[in-house]
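A.B. asks: Let me begin by handing over the structure; questions about it come next.
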Amino acid sequence: MTEGLSNPSPPGPWPADLAEAVLQTTPDLLIALSPGGRIQHLNAAARHTLQLRAEALADARFVDLLEAGSRAKGQRLLEEAATSEAQQVYELNHVTGDGQIVMVGYRVVPLQRPDTPIVLIGQPSASTVTITERLIALNRRLEALFTLAASASRSLVLHELLDGALSVIRSELQLQAAAIVLTGMPVDAHGGERMPLNPQQLRLAVQQGFAASFVDKLANLSDLPAFWNPSIRHERLSLVQGTADEVGIYPSDLQYLTGPLLTVAGVPLVSETRQLGWLYVVTDRYNALPPDELDLLETVGNLLGPTVENARLYDALRETSSRLAAVLDSIDSGVLLSDQSGVVRYANARLGTLLEVDVRQWPGHPRAEVMPATLQPLKASDHLFDGELWEVAGATARVLRRFAQPVKDQQGAALGSIEVYSDITQLHRTNQLRDEFVAAAAHDLKTPVTAVKGYAQIALRLARKLEEPRLVQQLSMINARSDDLALLMDSLLDMSRIQAGRLRLDPVPGVVQDLVGHVIKHFDFDLQRRQRSIQCELPNEPLEVEWDRHRMEGVLINLIGNAFKYSPDGGDVLIRVQHVLDAPGFGNDAVELAVTDYGIGIPAAERENIFGRFYRVREAVEQGFRGNGIGLYTSHSIVDAHGGRIWADDALHGGPGTTMYILMPRVAQPNRENESVMAGSSA
């Protein structure tokens, strides 16, 4: 690492007496910012922890040092610091100079002088938290790749799939703009006789984030040095960065304001050995596009290349039906065409390869008679893969994704159906490996978390005997956060069990009032610290049930924890329990639990999606709320495994907020539908 930054050309005043009094007196991370949020000073601890390079930090913005999921929260910290309202500790994820992620808890130093900058004091969080955050970031990136792969297989309309790909990339990498240009004649991308890539061949296919005036300039790439450089036209990736003058892109060329430095990266779109065009992205972040993001872009380029080629083949299919067989035989998916009576009219050679059968004799025979018995629905599917999942049991076991659509003529009359089979064996195995890795990591993390909690409880009892209130408070926080980490580890393990179909319940007799009381004790420390409360409406008579108590406690802790987390303006949480005698589908003996908050609420359009694995509500992400999209997924599966139902609705009090409902039979009643959910069948 190069020598760290001590005074990188400060844009504003930094009084000498404050530097002497504050900058050198703390062993913690210390960062001084201008009122506008730009870096002025860092102490040695900050430089060492964040691995920052001096030459890249001059006049850099603080929020640009953060990982994408923490930038909105970091901006909110700066806004509150400017008004002297920042009282709490803000936990933010940094992308270090060597591409790692480290979480730091920051508080603002109140200097009470109008001419001084913002001073932040921070401490890195425990390694277990950092590892978990890194794992979630990696899961999110893999989710983006799965989304791209799914959208590429779902549609062969070129503009639709490219526009969807740009939306995923821009969201994941926080890009200012992106564009895809395609050439009419594919160019050999590796060795041999290479045809010269002429910029006049390239045409803009889709763009996002550019102003209309700059879109016109994209018609001639040779006039744009950041987009066309003959010296790098055959490289696997081009990278141009600098000021607006150096890059050739100005603030008026983009739809949104940018920082002083821009980075333009170009990734070739390649299918087999043929280059089909370029994917260009523009960002203004500090340390823009580190190695892991460049690798992601290159992967996207490799993914989009075959997709673009398949889409062009589909266009050719629509232009001339006489070339139907040649076109369909050239794509990498199996295709089956049947008429209204279910008689096979066409099956391409790729379908025969995937099913390990000879399809040349299929045309003219009923589909039900020729489809092999080795093709069976895959029970343990996954919501990451859209469409139906099927398994081929043969010499080479394969997992296929099937999309079936009706075929209609121009008047809308039904002509038959088309089935498209894609081989996703490797993607499915990768997803299984990821689940196994998550389970192993969570299991390994439980041991140190348990040790931390045990020692914290011992120290807490000693501190209470010594009557040390400050130490008691600190140890209580460690104990509470250890419980949170243990709950997260349990959720990760349950998620893996659900995906593998190994979730097993342990129902035991109990009383709902006792269960709720035990859950409320979990929040004792946070309720006291935040000066908030949990209000309960419980039946007067003991309500006996037979549930998996440990898992149902985890479900309620998840719901109550979300209610507090997504209620930044405060307000109590209400828990209501009722004995229901006339619930449709549940007989005459059910229990309804409701958890209501005064939070930001969940839009009605997203309420059906919140129980999907890793799903986050868009508004919560935009406002910088931390989360991993696991809690509601596991809660839904656990409730469903009991034979119950969970859903979200408007707040009971009629104002802003959300009510989460759980309707459960008093005695757990798992059924076959529940078992399919437990096996991961949420596709």
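Every chain in the structure tokens takes a letter, A first, then B, and so on in the order presented; its residues are numbered from 1, and the ligands are numbered from 1 following the presented order.
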Per DSSP on the backbone, filter stretch 580-669 of chain A down to the residues in helix (DSSP H, G or I) and report them as a PyMOL selection string.
C.D. replies: chain A and resi 604-606+618-622+631-641
A.B. asks: Could you save the residues just selected, with N, CA and C atoms, as an mmCIF file, in the first residue's frame?
C.D. replies:
```cif
data_model
loop_
_atom_site.group_PDB
_atom_site.id
_atom_site.type_symbol
_atom_site.label_atom_id
_atom_site.label_comp_id
_atom_site.auth_asym_id
_atom_site.auth_seq_id
_atom_site.Cartn_x
_atom_site.Cartn_y
_atom_site.Cartn_z
ATOM 1 N N ALA A 604 -48.717 -2.391 -1.739
ATOM 2 C CA ALA A 604 -49.578 -3.546 -2.002
ATOM 3 C C ALA A 604 -49.033 -4.417 -3.122
ATOM 4 N N ALA A 605 -48.394 -3.786 -4.134
ATOM 5 C CA ALA A 605 -47.881 -4.541 -5.277
ATOM 6 C C ALA A 605 -46.729 -5.462 -4.898
ATOM 7 N N GLU A 606 -46.060 -5.211 -3.757
ATOM 8 C CA GLU A 606 -44.894 -6.005 -3.377
ATOM 9 C C GLU A 606 -45.193 -7.000 -2.250
ATOM 10 N N ARG A 618 -38.353 -2.372 -2.438
ATOM 11 C CA ARG A 618 -37.576 -1.336 -3.119
ATOM 12 C C ARG A 618 -37.400 -0.088 -2.243
ATOM 13 N N GLU A 619 -38.472 0.362 -1.587
ATOM 14 C CA GLU A 619 -38.383 1.579 -0.780
ATOM 15 C C GLU A 619 -37.421 1.403 0.387
ATOM 16 N N ALA A 620 -37.408 0.226 1.003
ATOM 17 C CA ALA A 620 -36.487 -0.030 2.118
ATOM 18 C C ALA A 620 -35.041 0.027 1.654
ATOM 19 N N VAL A 621 -34.762 -0.518 0.470
ATOM 20 C CA VAL A 621 -33.401 -0.480 -0.071
ATOM 21 C C VAL A 621 -32.993 0.951 -0.377
ATOM 22 N N GLU A 622 -33.898 1.711 -1.006
ATOM 23 C CA GLU A 622 -33.577 3.086 -1.381
ATOM 24 C C GLU A 622 -33.335 3.967 -0.159
ATOM 25 N N GLY A 631 -35.202 -13.427 6.570
ATOM 26 C CA GLY A 631 -36.118 -13.618 7.691
ATOM 27 C C GLY A 631 -37.532 -13.968 7.270
ATOM 28 N N LEU A 632 -38.125 -13.193 6.350
ATOM 29 C CA LEU A 632 -39.500 -13.472 5.945
ATOM 30 C C LEU A 632 -39.587 -14.750 5.112
ATOM 31 N N TYR A 633 -38.541 -15.051 4.366
ATOM 32 C CA TYR A 633 -38.531 -16.298 3.589
ATOM 33 C C TYR A 633 -38.613 -17.511 4.518
ATOM 34 N N THR A 634 -37.744 -17.550 5.539
ATOM 35 C CA THR A 634 -37.770 -18.684 6.460
ATOM 36 C C THR A 634 -39.040 -18.674 7.307
ATOM 37 N N SER A 635 -39.512 -17.472 7.699
ATOM 38 C CA SER A 635 -40.751 -17.396 8.492
ATOM 39 C C SER A 635 -41.919 -17.982 7.711
ATOM 40 N N HIS A 636 -42.027 -17.620 6.433
ATOM 41 C CA HIS A 636 -43.115 -18.140 5.599
ATOM 42 C C HIS A 636 -43.056 -19.666 5.522
ATOM 43 N N SER A 637 -41.856 -20.212 5.325
ATOM 44 C CA SER A 637 -41.716 -21.663 5.194
ATOM 45 C C SER A 637 -42.049 -22.377 6.501
ATOM 46 N N ILE A 638 -41.632 -21.786 7.631
ATOM 47 C CA ILE A 638 -41.903 -22.416 8.931
ATOM 48 C C ILE A 638 -43.402 -22.400 9.233
ATOM 49 N N VAL A 639 -44.055 -21.252 9.012
ATOM 50 C CA VAL A 639 -45.502 -21.170 9.239
ATOM 51 C C VAL A 639 -46.232 -22.147 8.324
ATOM 52 N N ASP A 640 -45.825 -22.188 7.054
ATOM 53 C CA ASP A 640 -46.472 -23.082 6.104
ATOM 54 C C ASP A 640 -46.266 -24.542 6.488
ATOM 55 N N ALA A 641 -45.093 -24.859 7.031
ATOM 56 C CA ALA A 641 -44.819 -26.230 7.450
ATOM 57 C C ALA A 641 -45.720 -26.657 8.604
#
```
A.B. asks: Could you pull the residues within 7 Å of stretch 30-35 of chain A, counting only C-alpha atoms, minus those fewer than 3 positions along the same chain, as a PyMOL selection string?
C.D. replies: chain A and resi 12+23+38-43+46+82+117-122
A.B. asks: Give me the residues within 6 Å of stretch 655-669 of chain A as an NGL selection string, counting only C-alpha atoms and dropping any in the same chain fewer than 5 places off.
C.D. replies: :A and (545-547 or 590-601 or 642-650)
A.B. asks: Suppose you want the space between atom CA of A:Gly266 and atom CA of A:Leu239; what is it in Å?
C.D. replies: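 Straight-line distance from atom CA of A:Gly266 to atom CA of A:Leu239 works out to 6.5 Å.
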A.B. asks: Set the distance at 8 Å and use only C-alpha atoms: which residues neighbour A:Pro199 once local chain neighbours fewer than 5 positions away are removed? I'd like the list as a VMD selection string.
C.D. replies: chain A and resid 220 to 222 228
A.B. asks: Residues as selected, C-alpha atoms, written as a short mmCIF file (atom, residue, chain, number, x, y, z; two decimals), in the first residue's frame, can you do that?
C.D. replies:
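again_13.cif, written as the output of this step:
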```cif
data_model
loop_
_atom_site.label_atom_id
_atom_site.label_comp_id
_atom_site.auth_asym_id
_atom_site.auth_seq_id
_atom_site.Cartn_x
_atom_site.Cartn_y
_atom_site.Cartn_z
CA ASN A 220 -20.46 7.69 -34.46
CA LEU A 221 -18.29 5.98 -31.84
CA SER A 222 -15.02 6.98 -33.49
CA TRP A 228 -13.69 3.77 -29.25
#
```
A.B. asks: Can you tell me, as a list in words, what residues are no more than 10 Å from A:His550 when counting only C-alpha atoms, ignoring any on the same chain fewer than 3 positions away?
C.D. replies: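 Final neighbour list, sorted by chain and number: Leu505, Asp506, Pro507, Val508, Leu515, Trp547, Glu553, Gly554 and Val555 of chain A.
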A.B. asks: Write the selection just made, keeping N, CA and C atoms, as a short mmCIF file (atom, residue, chain, number, x, y, z; two decimals), in the first residue's frame?
C.D. replies:
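The resulting file, out_3.cif, is reproduced below:
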```
data_model
loop_
_atom_site.label_atom_id
_atom_site.label_comp_id
_atom_site.auth_asym_id
_atom_site.auth_seq_id
_atom_site.Cartn_x
_atom_site.Cartn_y
_atom_site.Cartn_z
N LEU A 505 -39.97 -30.30 11.84
CA LEU A 505 -40.55 -29.62 12.99
C LEU A 505 -40.45 -30.49 14.24
N ASP A 506 -40.46 -29.83 15.40
CA ASP A 506 -40.45 -30.52 16.69
C ASP A 506 -41.58 -29.93 17.55
N PRO A 507 -42.84 -30.24 17.21
CA PRO A 507 -43.97 -29.65 17.95
C PRO A 507 -44.00 -30.14 19.39
N VAL A 508 -44.24 -29.22 20.32
CA VAL A 508 -44.38 -29.56 21.73
C VAL A 508 -45.54 -28.76 22.29
N LEU A 515 -45.21 -18.09 25.11
CA LEU A 515 -44.33 -17.90 23.95
C LEU A 515 -44.13 -16.42 23.66
N TRP A 547 -46.90 -26.47 18.83
CA TRP A 547 -46.07 -25.94 17.74
C TRP A 547 -44.60 -26.25 18.03
N GLU A 553 -40.85 -18.97 17.94
CA GLU A 553 -40.25 -17.80 18.60
C GLU A 553 -39.38 -17.02 17.61
N GLY A 554 -38.61 -17.74 16.79
CA GLY A 554 -37.80 -17.07 15.78
C GLY A 554 -38.65 -16.31 14.79
N VAL A 555 -39.80 -16.86 14.39
CA VAL A 555 -40.70 -16.16 13.47
C VAL A 555 -41.18 -14.85 14.08
#
```
A.B. asks: Running DSSP on the backbone, which parts of stretch 574-644 of chain A land in strand (DSSP E), as a PyMOL selection string?
C.D. replies: chain A and resi 574-580+590-596
A.B. asks: Dump N, CA and C atoms for the selected residues as a PDB file, in the first residue's frame?
C.D. replies:
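Wrote out.pdb, looks like this:
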```pdb
ATOM      1  N   LEU A 574     -47.566  -3.323  18.293  1.00  0.00           N
ATOM      2  CA  LEU A 574     -48.717  -4.002  18.890  1.00  0.00           C
ATOM      3  C   LEU A 574     -48.715  -5.469  18.481  1.00  0.00           C
ATOM      4  N   ILE A 575     -48.853  -6.355  19.477  1.00  0.00           N
ATOM      5  CA  ILE A 575     -49.021  -7.792  19.223  1.00  0.00           C
ATOM      6  C   ILE A 575     -50.422  -8.168  19.682  1.00  0.00           C
ATOM      7  N   ARG A 576     -51.198  -8.716  18.759  1.00  0.00           N
ATOM      8  CA  ARG A 576     -52.561  -9.139  19.087  1.00  0.00           C
ATOM      9  C   ARG A 576     -52.705 -10.626  18.808  1.00  0.00           C
ATOM     10  N   VAL A 577     -53.228 -11.353  19.791  1.00  0.00           N
ATOM     11  CA  VAL A 577     -53.447 -12.799  19.657  1.00  0.00           C
ATOM     12  C   VAL A 577     -54.932 -13.071  19.865  1.00  0.00           C
ATOM     13  N   GLN A 578     -55.537 -13.856  18.956  1.00  0.00           N
ATOM     14  CA  GLN A 578     -56.954 -14.185  19.056  1.00  0.00           C
ATOM     15  C   GLN A 578     -57.162 -15.681  18.807  1.00  0.00           C
ATOM     16  N   HIS A 579     -58.130 -16.235  19.513  1.00  0.00           N
ATOM     17  CA  HIS A 579     -58.569 -17.603  19.263  1.00  0.00           C
ATOM     18  C   HIS A 579     -59.695 -17.531  18.234  1.00  0.00           C
ATOM     19  N   VAL A 580     -59.472 -18.117  17.038  1.00  0.00           N
ATOM     20  CA  VAL A 580     -60.422 -18.006  15.932  1.00  0.00           C
ATOM     21  C   VAL A 580     -61.149 -19.337  15.779  1.00  0.00           C
ATOM     22  N   ALA A 590     -58.325 -22.337  15.485  1.00  0.00           N
ATOM     23  CA  ALA A 590     -57.108 -21.728  14.949  1.00  0.00           C
ATOM     24  C   ALA A 590     -56.706 -20.543  15.819  1.00  0.00           C
ATOM     25  N   VAL A 591     -55.490 -20.077  15.636  1.00  0.00           N
ATOM     26  CA  VAL A 591     -54.948 -18.936  16.372  1.00  0.00           C
ATOM     27  C   VAL A 591     -54.461 -17.903  15.355  1.00  0.00           C
ATOM     28  N   GLU A 592     -54.859 -16.642  15.570  1.00  0.00           N
ATOM     29  CA  GLU A 592     -54.378 -15.552  14.713  1.00  0.00           C
ATOM     30  C   GLU A 592     -53.456 -14.655  15.526  1.00  0.00           C
ATOM     31  N   LEU A 593     -52.245 -14.439  15.012  1.00  0.00           N
ATOM     32  CA  LEU A 593     -51.296 -13.514  15.615  1.00  0.00           C
ATOM     33  C   LEU A 593     -51.095 -12.354  14.653  1.00  0.00           C
ATOM     34  N   ALA A 594     -51.104 -11.134  15.152  1.00  0.00           N
ATOM     35  CA  ALA A 594     -50.915  -9.951  14.320  1.00  0.00           C
ATOM     36  C   ALA A 594     -49.857  -9.053  14.961  1.00  0.00           C
ATOM     37  N   VAL A 595     -48.914  -8.573  14.152  1.00  0.00           N
ATOM     38  CA  VAL A 595     -47.866  -7.655  14.604  1.00  0.00           C
ATOM     39  C   VAL A 595     -47.992  -6.383  13.783  1.00  0.00           C
ATOM     40  N   THR A 596     -48.285  -5.265  14.455  1.00  0.00           N
ATOM     41  CA  THR A 596     -48.539  -3.990  13.781  1.00  0.00           C
ATOM     42  C   THR A 596     -47.492  -2.958  14.182  1.00  0.00           C
TER      43      THR A 596
END
```
A.B. asks: A:Pro372: which residues within 12 Å, counting only C-alpha atoms, same-chain residues fewer than 6 positions away excluded, as a count of residues only?
C.D. replies: 13
A.B. asks: When you draw a straight line from atom CA of A:Leu175 to atom CA of A:Thr283, how long is it in Å?
C.D. replies: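 Taking atom CA of A:Leu175 as the start and atom CA of A:Thr283 as the end point, the length is 4.9 Å.
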A.B. asks: Using only C-alpha atoms, can you tell me which of A:Val240, A:Ala165, A:Leu182, A:Leu173 comes closest to A:Ala68?
C.D. replies: A:Leu173
A.B. asks: Can you tell me how far atom CA of A:Ala404 sits from atom CA of A:Ile424, in Å to one decimal?
C.D. replies: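 According to the coordinates, atom CA of A:Ala404 and atom CA of A:Ile424 are separated by 16.3 Å.
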A.B. asks: Looking at A:Leu581, A:Asp98, A:Ser171, A:Ala651, which one is nearest to A:Arg53, with distances taken over only C-alpha atoms?
C.D. replies: A:Asp98
